[in-house]
Amino acid sequence: MLLVTITPIVLLSKKLGVIMDFGTVELQLPVALGGIIIAAIVLTPEGLAALKAARNNKLQRSINICLGSVLATIGLTVPAVLTISLFAGQPVTLGLGPTGIVLIILTLFSAALTFGGTKTSVLQGAVHLALFFMYLILIFAP
């Protein structure tokens with residue numbers, strides 16, 4: 001069922017991607033910013049639900065929502081998009097530069113420390129936010 005529902009999205013994304021690419025070229029913005037905008041649009045519902053749960057002091061629910069969203073994206077969407085692109089003949093490029101590789105290794109390491117322990121702290125959250133802001137900064141100034 002996932003393949004049936006995601007096929008129109010993948011086919012439309014090619015046309016809508018042209019608009020996003022045109023906007024980033026015309027405004028002289030980094031190409032990666034288009035990916036961040038699309039990711040923000042996709043993850044907004046889960047992010048708002050996680051924030052609402054955190055505000056209501058239901059931190060376990062907040063973490064579960066965030067991890068479920070990541071699992072759905074990595075475990076289901078990426079393989080489905082790759083499969084559809086294979087049948088549609090559309091190339092998909094998944095790659096990171098050296099800076100991106102370092103940031104993802106740091107993020108995975110800090111996530112393992114955060115979720116591997118019994119308790120988390122504000123400091124661990126601050127580290128995750130710092131990595132995210134570093135990623136945003138490096139998009140504009142590689």
# chains A, B, ... in the order shown; residues from 1 in each chain; ligands from 1
>>> residues_around(residues="Ile38 in chain A", least_positions_apart="5", cutoff="12 Å", atoms="only C-alpha atoms", output="PDB file with N, CA, C and O atoms, in the first residue's frame")
ATOM      1  N   SER A  13       6.786  15.112  -7.347  1.00  0.00           N
ATOM      2  CA  SER A  13       7.969  15.774  -6.795  1.00  0.00           C
ATOM      3  C   SER A  13       8.932  16.203  -7.892  1.00  0.00           C
ATOM      4  O   SER A  13       9.646  17.191  -7.734  1.00  0.00           O
ATOM      5  N   LEU A  16       7.449  19.502  -9.074  1.00  0.00           N
ATOM      6  CA  LEU A  16       7.550  20.526  -8.037  1.00  0.00           C
ATOM      7  C   LEU A  16       9.005  20.826  -7.693  1.00  0.00           C
ATOM      8  O   LEU A  16       9.326  21.935  -7.263  1.00  0.00           O
ATOM      9  N   GLY A  17       9.869  19.854  -7.899  1.00  0.00           N
ATOM     10  CA  GLY A  17      11.295  20.076  -7.679  1.00  0.00           C
ATOM     11  C   GLY A  17      11.869  21.114  -8.632  1.00  0.00           C
ATOM     12  O   GLY A  17      12.788  21.853  -8.276  1.00  0.00           O
ATOM     13  N   MET A  20      11.163  24.427  -7.084  1.00  0.00           N
ATOM     14  CA  MET A  20      12.075  24.658  -5.953  1.00  0.00           C
ATOM     15  C   MET A  20      13.474  24.980  -6.464  1.00  0.00           C
ATOM     16  O   MET A  20      14.118  25.904  -5.956  1.00  0.00           O
ATOM     17  N   ASP A  21      13.954  24.249  -7.466  1.00  0.00           N
ATOM     18  CA  ASP A  21      15.280  24.510  -8.023  1.00  0.00           C
ATOM     19  C   ASP A  21      15.352  25.897  -8.662  1.00  0.00           C
ATOM     20  O   ASP A  21      16.345  26.611  -8.511  1.00  0.00           O
ATOM     21  N   VAL A  31      21.613  24.829  -2.815  1.00  0.00           N
ATOM     22  CA  VAL A  31      20.699  23.790  -3.280  1.00  0.00           C
ATOM     23  C   VAL A  31      20.154  22.973  -2.103  1.00  0.00           C
ATOM     24  O   VAL A  31      18.993  22.575  -2.094  1.00  0.00           O
ATOM     25  N   ALA A  32      20.973  22.750  -1.086  1.00  0.00           N
ATOM     26  CA  ALA A  32      20.556  21.951   0.073  1.00  0.00           C
ATOM     27  C   ALA A  32      19.403  22.599   0.829  1.00  0.00           C
ATOM     28  O   ALA A  32      18.661  21.915   1.537  1.00  0.00           O
ATOM     29  N   LEU A  33      19.222  23.909   0.680  1.00  0.00           N
ATOM     30  CA  LEU A  33      18.124  24.582   1.369  1.00  0.00           C
ATOM     31  C   LEU A  33      16.775  24.069   0.872  1.00  0.00           C
ATOM     32  O   LEU A  33      15.820  23.973   1.652  1.00  0.00           O
ATOM     33  N   LEU A  43       7.911  16.940   7.863  1.00  0.00           N
ATOM     34  CA  LEU A  43       8.014  16.592   9.281  1.00  0.00           C
ATOM     35  C   LEU A  43       7.255  17.525  10.221  1.00  0.00           C
ATOM     36  O   LEU A  43       7.241  17.293  11.435  1.00  0.00           O
ATOM     37  N   THR A  44       6.599  18.543   9.690  1.00  0.00           N
ATOM     38  CA  THR A  44       5.871  19.482  10.552  1.00  0.00           C
ATOM     39  C   THR A  44       4.790  18.819  11.393  1.00  0.00           C
ATOM     40  O   THR A  44       4.707  19.080  12.597  1.00  0.00           O
TER      41      THR A  44
END
>>> select_by_dssp(residues="range 1-138 of chain A", states="alpha helix (DSSP H)", output="ChimeraX atom specification")
/A:2-26,32-55,59-72,78-88,98-116,122-138
>>> residues_around(residues="Pro30 in chain A", least_positions_apart="2", cutoff="12 Å", atoms="only C-alpha atoms", output="JSON, numbers by chain")
{"A": [20, 21, 22, 23, 24, 25, 26, 27, 28, 32, 33, 34, 35, 36, 37, 136, 137, 138, 139, 140, 141, 142]}
>>> closest_atom_pairs(of="range 27-78 of chain A", to="range 106-116 of chain A", cutoff="12 Å", atoms="only C-alpha atoms", output="Markdown table")
| residue | atom | partner | partner_atom | distance |
| --- | --- | --- | --- | --- |
| A:Gln60 | CA | A:Phe115 | CA | 11.5 |
| A:Ile63 | CA | A:Phe115 | CA | 9.7 |
| A:Asn64 | CA | A:Phe115 | CA | 11.4 |
| A:Leu67 | CA | A:Phe115 | CA | 10.5 |
>>> residues_around(residues="Val78 in chain A", least_positions_apart="4", cutoff="12 Å", atoms="only C-alpha atoms", output="ChimeraX atom specification")
/A:2-3,6,10,70-74,82-85,92-94
>>> closest_residue(among="A:Gly95, A:Leu103, A:Phe133, A:Ala88", to="Leu11 in chain A", atoms="only C-alpha atoms")
A:Ala88
>>> atom_distance(atom1="CA of Thr77 in chain A", atom2="CA of Val4 in chain A")
12.1 Å
>>> atom_distance(atom1="CA of Ile41 in chain A", atom2="CA of Gly68 in chain A")
16.7 Å
>>> closest_residue(among="A:Ile105, A:Pro91, A:Met134, A:Thr99", to="Lys14 in chain A", atoms="only C-alpha atoms")
A:Pro91
>>> decode(residues="range 54-74 of chain A", atoms="N, CA and C atoms", output="PDB file, in the first residue's frame")
ATOM      1  N   ALA A  54       5.594  17.120  24.566  1.00  0.00           N
ATOM      2  CA  ALA A  54       6.639  17.591  25.489  1.00  0.00           C
ATOM      3  C   ALA A  54       6.109  18.698  26.393  1.00  0.00           C
ATOM      4  N   ARG A  55       5.288  19.593  25.830  1.00  0.00           N
ATOM      5  CA  ARG A  55       4.693  20.656  26.637  1.00  0.00           C
ATOM      6  C   ARG A  55       3.765  20.111  27.713  1.00  0.00           C
ATOM      7  N   ASN A  56       3.123  18.990  27.423  1.00  0.00           N
ATOM      8  CA  ASN A  56       2.227  18.350  28.388  1.00  0.00           C
ATOM      9  C   ASN A  56       2.970  17.400  29.324  1.00  0.00           C
ATOM     10  N   ASN A  57       4.309  17.493  29.319  1.00  0.00           N
ATOM     11  CA  ASN A  57       5.164  16.679  30.177  1.00  0.00           C
ATOM     12  C   ASN A  57       5.031  15.180  29.899  1.00  0.00           C
ATOM     13  N   LYS A  58       4.829  14.832  28.652  1.00  0.00           N
ATOM     14  CA  LYS A  58       4.779  13.430  28.223  1.00  0.00           C
ATOM     15  C   LYS A  58       5.993  13.199  27.326  1.00  0.00           C
ATOM     16  N   LEU A  59       7.159  13.192  27.961  1.00  0.00           N
ATOM     17  CA  LEU A  59       8.401  13.143  27.211  1.00  0.00           C
ATOM     18  C   LEU A  59       8.592  11.820  26.481  1.00  0.00           C
ATOM     19  N   GLN A  60       8.142  10.720  27.075  1.00  0.00           N
ATOM     20  CA  GLN A  60       8.284   9.433  26.401  1.00  0.00           C
ATOM     21  C   GLN A  60       7.475   9.417  25.106  1.00  0.00           C
ATOM     22  N   ARG A  61       6.281   9.964  25.141  1.00  0.00           N
ATOM     23  CA  ARG A  61       5.459  10.050  23.932  1.00  0.00           C
ATOM     24  C   ARG A  61       6.139  10.943  22.896  1.00  0.00           C
ATOM     25  N   SER A  62       6.730  12.043  23.350  1.00  0.00           N
ATOM     26  CA  SER A  62       7.419  12.957  22.442  1.00  0.00           C
ATOM     27  C   SER A  62       8.575  12.252  21.730  1.00  0.00           C
ATOM     28  N   ILE A  63       9.380  11.531  22.487  1.00  0.00           N
ATOM     29  CA  ILE A  63      10.502  10.786  21.901  1.00  0.00           C
ATOM     30  C   ILE A  63       9.996   9.713  20.948  1.00  0.00           C
ATOM     31  N   ASN A  64       8.931   9.008  21.333  1.00  0.00           N
ATOM     32  CA  ASN A  64       8.379   7.965  20.466  1.00  0.00           C
ATOM     33  C   ASN A  64       7.874   8.528  19.143  1.00  0.00           C
ATOM     34  N   ILE A  65       7.258   9.693  19.182  1.00  0.00           N
ATOM     35  CA  ILE A  65       6.783  10.321  17.946  1.00  0.00           C
ATOM     36  C   ILE A  65       7.963  10.667  17.046  1.00  0.00           C
ATOM     37  N   CYS A  66       8.991  11.254  17.636  1.00  0.00           N
ATOM     38  CA  CYS A  66      10.161  11.640  16.836  1.00  0.00           C
ATOM     39  C   CYS A  66      10.874  10.423  16.247  1.00  0.00           C
ATOM     40  N   LEU A  67      11.086   9.407  17.074  1.00  0.00           N
ATOM     41  CA  LEU A  67      11.764   8.210  16.576  1.00  0.00           C
ATOM     42  C   LEU A  67      10.918   7.468  15.541  1.00  0.00           C
ATOM     43  N   GLY A  68       9.597   7.455  15.740  1.00  0.00           N
ATOM     44  CA  GLY A  68       8.714   6.819  14.760  1.00  0.00           C
ATOM     45  C   GLY A  68       8.757   7.531  13.425  1.00  0.00           C
ATOM     46  N   SER A  69       8.838   8.846  13.461  1.00  0.00           N
ATOM     47  CA  SER A  69       8.919   9.624  12.231  1.00  0.00           C
ATOM     48  C   SER A  69      10.217   9.324  11.490  1.00  0.00           C
ATOM     49  N   VAL A  70      11.312   9.261  12.227  1.00  0.00           N
ATOM     50  CA  VAL A  70      12.607   8.955  11.607  1.00  0.00           C
ATOM     51  C   VAL A  70      12.595   7.539  11.035  1.00  0.00           C
ATOM     52  N   LEU A  71      12.048   6.602  11.793  1.00  0.00           N
ATOM     53  CA  LEU A  71      11.992   5.219  11.320  1.00  0.00           C
ATOM     54  C   LEU A  71      11.161   5.101  10.047  1.00  0.00           C
ATOM     55  N   ALA A  72      10.039   5.800  10.005  1.00  0.00           N
ATOM     56  CA  ALA A  72       9.201   5.759   8.804  1.00  0.00           C
ATOM     57  C   ALA A  72       9.932   6.351   7.613  1.00  0.00           C
ATOM     58  N   THR A  73      10.656   7.422   7.828  1.00  0.00           N
ATOM     59  CA  THR A  73      11.377   8.060   6.729  1.00  0.00           C
ATOM     60  C   THR A  73      12.507   7.185   6.214  1.00  0.00           C
ATOM     61  N   ILE A  74      13.331   6.704   7.133  1.00  0.00           N
ATOM     62  CA  ILE A  74      14.501   5.940   6.720  1.00  0.00           C
ATOM     63  C   ILE A  74      14.119   4.522   6.300  1.00  0.00           C
TER      64      ILE A  74
END
